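The block underneath contains the structure these notes are about, expressed in C-alpha cells.
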Amino acid sequence: MPQIFHPSMNTISRVSIFGAVFFVMAAVGVGAAIVRSPYATEVGVVRVQPVPFSHQHHVGDVGIDCRYCHRSVETEAFAGLPSTDVCMDCHSVLWADSPMLEPVRESYRTGEPLAWNRVHDLPDYAYFNHAIHVRQGVACETCHGRVDEMPLMYREETLHMQWCLECHRNPEVFLRPSEDVFAFDWEPDESTPTGEELAALHGIESKTDCSTCHR
Amino acid sequence: MSPVSRSAILGLLLGLVLLPGCVQEMANQPRIDPLEPSAFFPDGSGARPQVPGTIARGQLYADNAATTGREDGEPVQTIPIEVSAGLLAEGRKQYGIYCDHCHGSAGYGDGMVVQRGFPHPPTYYSERLLNVPDGHLFAVITDGLGRMPGYKARIEPQDRWAIVAYVRALQLSQHADASELPADLRNELTATDE
C-alpha cells in the first residue's frame, strides 16, 4: 500500500496542532478586546443630541451647579433631566435668537419634550441608585469624569460590572466629604478626612453580594 | 451519516445555542425607565403628565404661612419656621444651586450668567431689600419677579425659607459691626487687617 501522506506532512500537522492553540487564544483575545473597546463600551464616543449641549460651557465656564438641572440626584435613583423651561430660565434672554437653540424654543412653544439620547444606560437588571452614592460621598466626577471639560457629552467609564466592583470592593479609596461631591478637579488637603474615616462615619462597607445590585 | 457531517451538524447546533448570548434581552426589559420612550402611549413618552386636579404624594401643602409666606393676604414679616444653624447651612447649599449664578456668591447681583448678558438683578443691599418683610423674599423665590422665573415647582417651601434665612445672613454679613463679634473672632479680624 502506497504512502498517502508525504513525510513533510509530519511538520505541517505538528504546526497546525500547536497553531490551533494559538488561534483559539487569539480568537478569545480579539473577543475580549472588542468587548472592552470603545466600539462596545462607547467610552469617549460622543452621542449626537438634538441640541449640542455643552457641559463645559454650563458647568466649567458659567459654574452652574449639577443639581440646578439634575435635581433629583440627591433624593432618587434617577438623577433627573431638566424640562425645557429650565433651559428657558436663561435662554429666554441669552442666545434667544440662536438657530442652534431653535429645538429648545420649539419644545417650549409646543410642549413636545426634547428627545435626548441617553449617554449612560445601565442594563435593566442592574439597579443603580444615584441618591445613595451621592449621599455617601461618591462624587459625580468619580463616575462621570471631568464633565466640566466635555464640550459634548460622552461616557467616561465602561459601566462594566468589573468597574462597579473596583469601588464596591474598596469603597474607602473613592470617597470624599459630602460637601465636595459636586466639585470638579477636587484634591484632598491635610484637613480632609481619610477614606477610612469617611467610610466609618457613613457606615460604608464593602458590598459585593449579587443582590446588592441585581434584585 | 458520515462522521464529518455529524460533527458539522453538532457544531452548527452549538453555535445556535450560543447565539442568543449576543442579544441582551434582559438588558432592556419591557418596564418603563424614567423618561424612557414608550410605544404604549400615543405621545410616545413613558413619563406621564400629572392628571389635572391630582396632587402627587408629598405635595399636598397646608394653607398656612409656612407654605404660602402670607398671613391674612400680607407677606409675613419674619420666617415662620424655626431658624437654626442647620437651616442656614441648607440655605447656603440651596443658594449655591439655584441663586449663585445670577445673584452672585455675595448677593450683589453680579453672578456669571449676568456677566454673560442676563439682566442685572438688584443687589440684596439696597435700602428697600434690607427692609422688605421675609415673606416678600419668599414670594419672589416662589413666583419669580421680572426676568427671574418662579421656583415653586423646584424648591420645597422649607428650602425656600432656608434660602430666605441665608439671604438675611448675607445681608447681615455686609452690614455687621466688628464690635458685635466675639472677642476671639474680633482678634482674628484685626490680625488679618494688619
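If you're wondering about the labels, chains in the C-alpha cells are A, B, ... by order shown, residues count from 1 in each chain, ligands from 1 in order shown.
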
### Task
Select residues of chain A: the criterion is any atom within 9 Å of an atom of chain B, counting only C-alpha atoms; output as a list in words.
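So the contacting residues turn out to be Asp61, Val62, Gly63, Ile64, Asp65, Cys66, Arg67, Tyr68, Arg71, Phe78, Gly80, Leu81, Asp89, Cys90, Ser92, Val93, Leu94, Glu112, Pro113, Ala115, Leu122, Pro123, Asp124, Tyr125 and Ala126 of chain A.
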
### Task
Name the residues in contact with Gly69 of chain B at a cut-off of 7 Å, using only C-alpha atoms, excluding same-chain residues fewer than 5 positions from it; report them as a PyMOL selection string.
chain B and resi 75-76+135+138-139

### Message
Taking only segment 52-92 of chain A into account, list the residues labelled helix (DSSP H, G or I) by DSSP (computed from the backbone), as a list in words.
### Response
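Matching residues, listed in order: His55, Gln56, His57, His58, Val59, Gly60, Asp61, Cys66, Arg67, Tyr68, Cys69, Thr84, Asp85, Val86, Cys87, Met88, Asp89, Cys90 and His91 of chain A.
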
List as a tab-separated table every residue of segment 17-118 of chain B that is in contact with segment 169-178 of chain B, defined as an atom at most 10 Å from one of its atoms (using only C-alpha atoms), together with the nearest atom pair and the distance in Å rounded to one decimal, sorted by chain and then rising number.
```
residue	atom	partner	partner_atom	distance
B:Leu88	CA	B:Ala169	CA	8.1
B:Gly91	CA	B:Ala169	CA	9.8
B:Arg92	CA	B:Ala169	CA	9.6
B:Ser105	CA	B:Leu170	CA	9.4
B:Ala106	CA	B:Leu170	CA	6.8
B:Gly107	CA	B:Leu170	CA	7.2
```

Write out, as a PDB file, in the first residue's frame, the residues just selected, with C-alpha atoms.
```pdb
ATOM      1  CA  LEU B  88     -28.797  78.233  57.341  1.00  0.00           C
ATOM      2  CA  GLY B  91     -29.932  77.670  52.708  1.00  0.00           C
ATOM      3  CA  ARG B  92     -26.316  78.115  51.732  1.00  0.00           C
ATOM      4  CA  SER B 105     -21.955  84.389  45.742  1.00  0.00           C
ATOM      5  CA  ALA B 106     -22.133  87.544  47.868  1.00  0.00           C
ATOM      6  CA  GLY B 107     -25.542  88.695  46.600  1.00  0.00           C
TER       7      GLY B 107
END
```

### Query
Skipping near chain neighbours, those fewer than 5 positions away, what residues fall within 7 Å of His168 of chain A using only C-alpha atoms, listed as a list in words?
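Counting only the stated atoms, we get Ser206, Lys207 and Thr208 of chain A.
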
### Query
Taking into account only C-alpha atoms, which residue in the set B:Asp143, B:Val167, B:His136, B:Leu189 is nearest to Glu74 of chain B?
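Selected residue with least distance to Glu74 of chain B: B:His136.
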
### Query
If you measure from atom CA of Leu175 of chain A to atom CA of Tyr166 of chain B, what distance in Å do you get, rounded to one decimal?
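For atom CA of Leu175 of chain A relative to atom CA of Tyr166 of chain B, the distance reads 28.5 Å.
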
### Message
Can you pull out the residues contacting Gly31 of chain A? Cut-off 12 Å, using only C-alpha atoms, and skip same-chain residues under 6 positions away; I want them as number ranges by chain.
### Response
A: 24-25, 37, 40; B: 22

For the residues selected in the previous step, produce a file with N, CA and C atoms as a PDB file, in the first residue's frame.
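Full text of selection.pdb as output:
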```pdb
ATOM      1  N   VAL A  24      -7.026  29.689  18.866  1.00  0.00           N
ATOM      2  CA  VAL A  24      -8.128  29.814  19.826  1.00  0.00           C
ATOM      3  C   VAL A  24      -7.841  30.947  20.802  1.00  0.00           C
ATOM      4  N   MET A  25      -6.602  31.018  21.296  1.00  0.00           N
ATOM      5  CA  MET A  25      -6.253  32.089  22.237  1.00  0.00           C
ATOM      6  C   MET A  25      -6.442  33.466  21.602  1.00  0.00           C
ATOM      7  N   SER A  37     -13.537  47.504  23.961  1.00  0.00           N
ATOM      8  CA  SER A  37     -13.178  48.625  23.091  1.00  0.00           C
ATOM      9  C   SER A  37     -14.282  49.681  23.103  1.00  0.00           C
ATOM     10  N   ALA A  40     -17.743  48.859  21.714  1.00  0.00           N
ATOM     11  CA  ALA A  40     -18.782  48.209  22.513  1.00  0.00           C
ATOM     12  C   ALA A  40     -19.142  49.028  23.748  1.00  0.00           C
TER      13      ALA A  40
ATOM     14  N   CYS B  22     -25.579  36.860  22.187  1.00  0.00           N
ATOM     15  CA  CYS B  22     -25.227  38.117  21.544  1.00  0.00           C
ATOM     16  C   CYS B  22     -26.314  39.169  21.726  1.00  0.00           C
TER      17      CYS B  22
END
```

### Task
Could you tell me how far atom CA of Phe182 of chain A lies from atom CA of Arg160 of chain B, in Å and to one decimal?
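These two atoms are separated by 20.9 Å.
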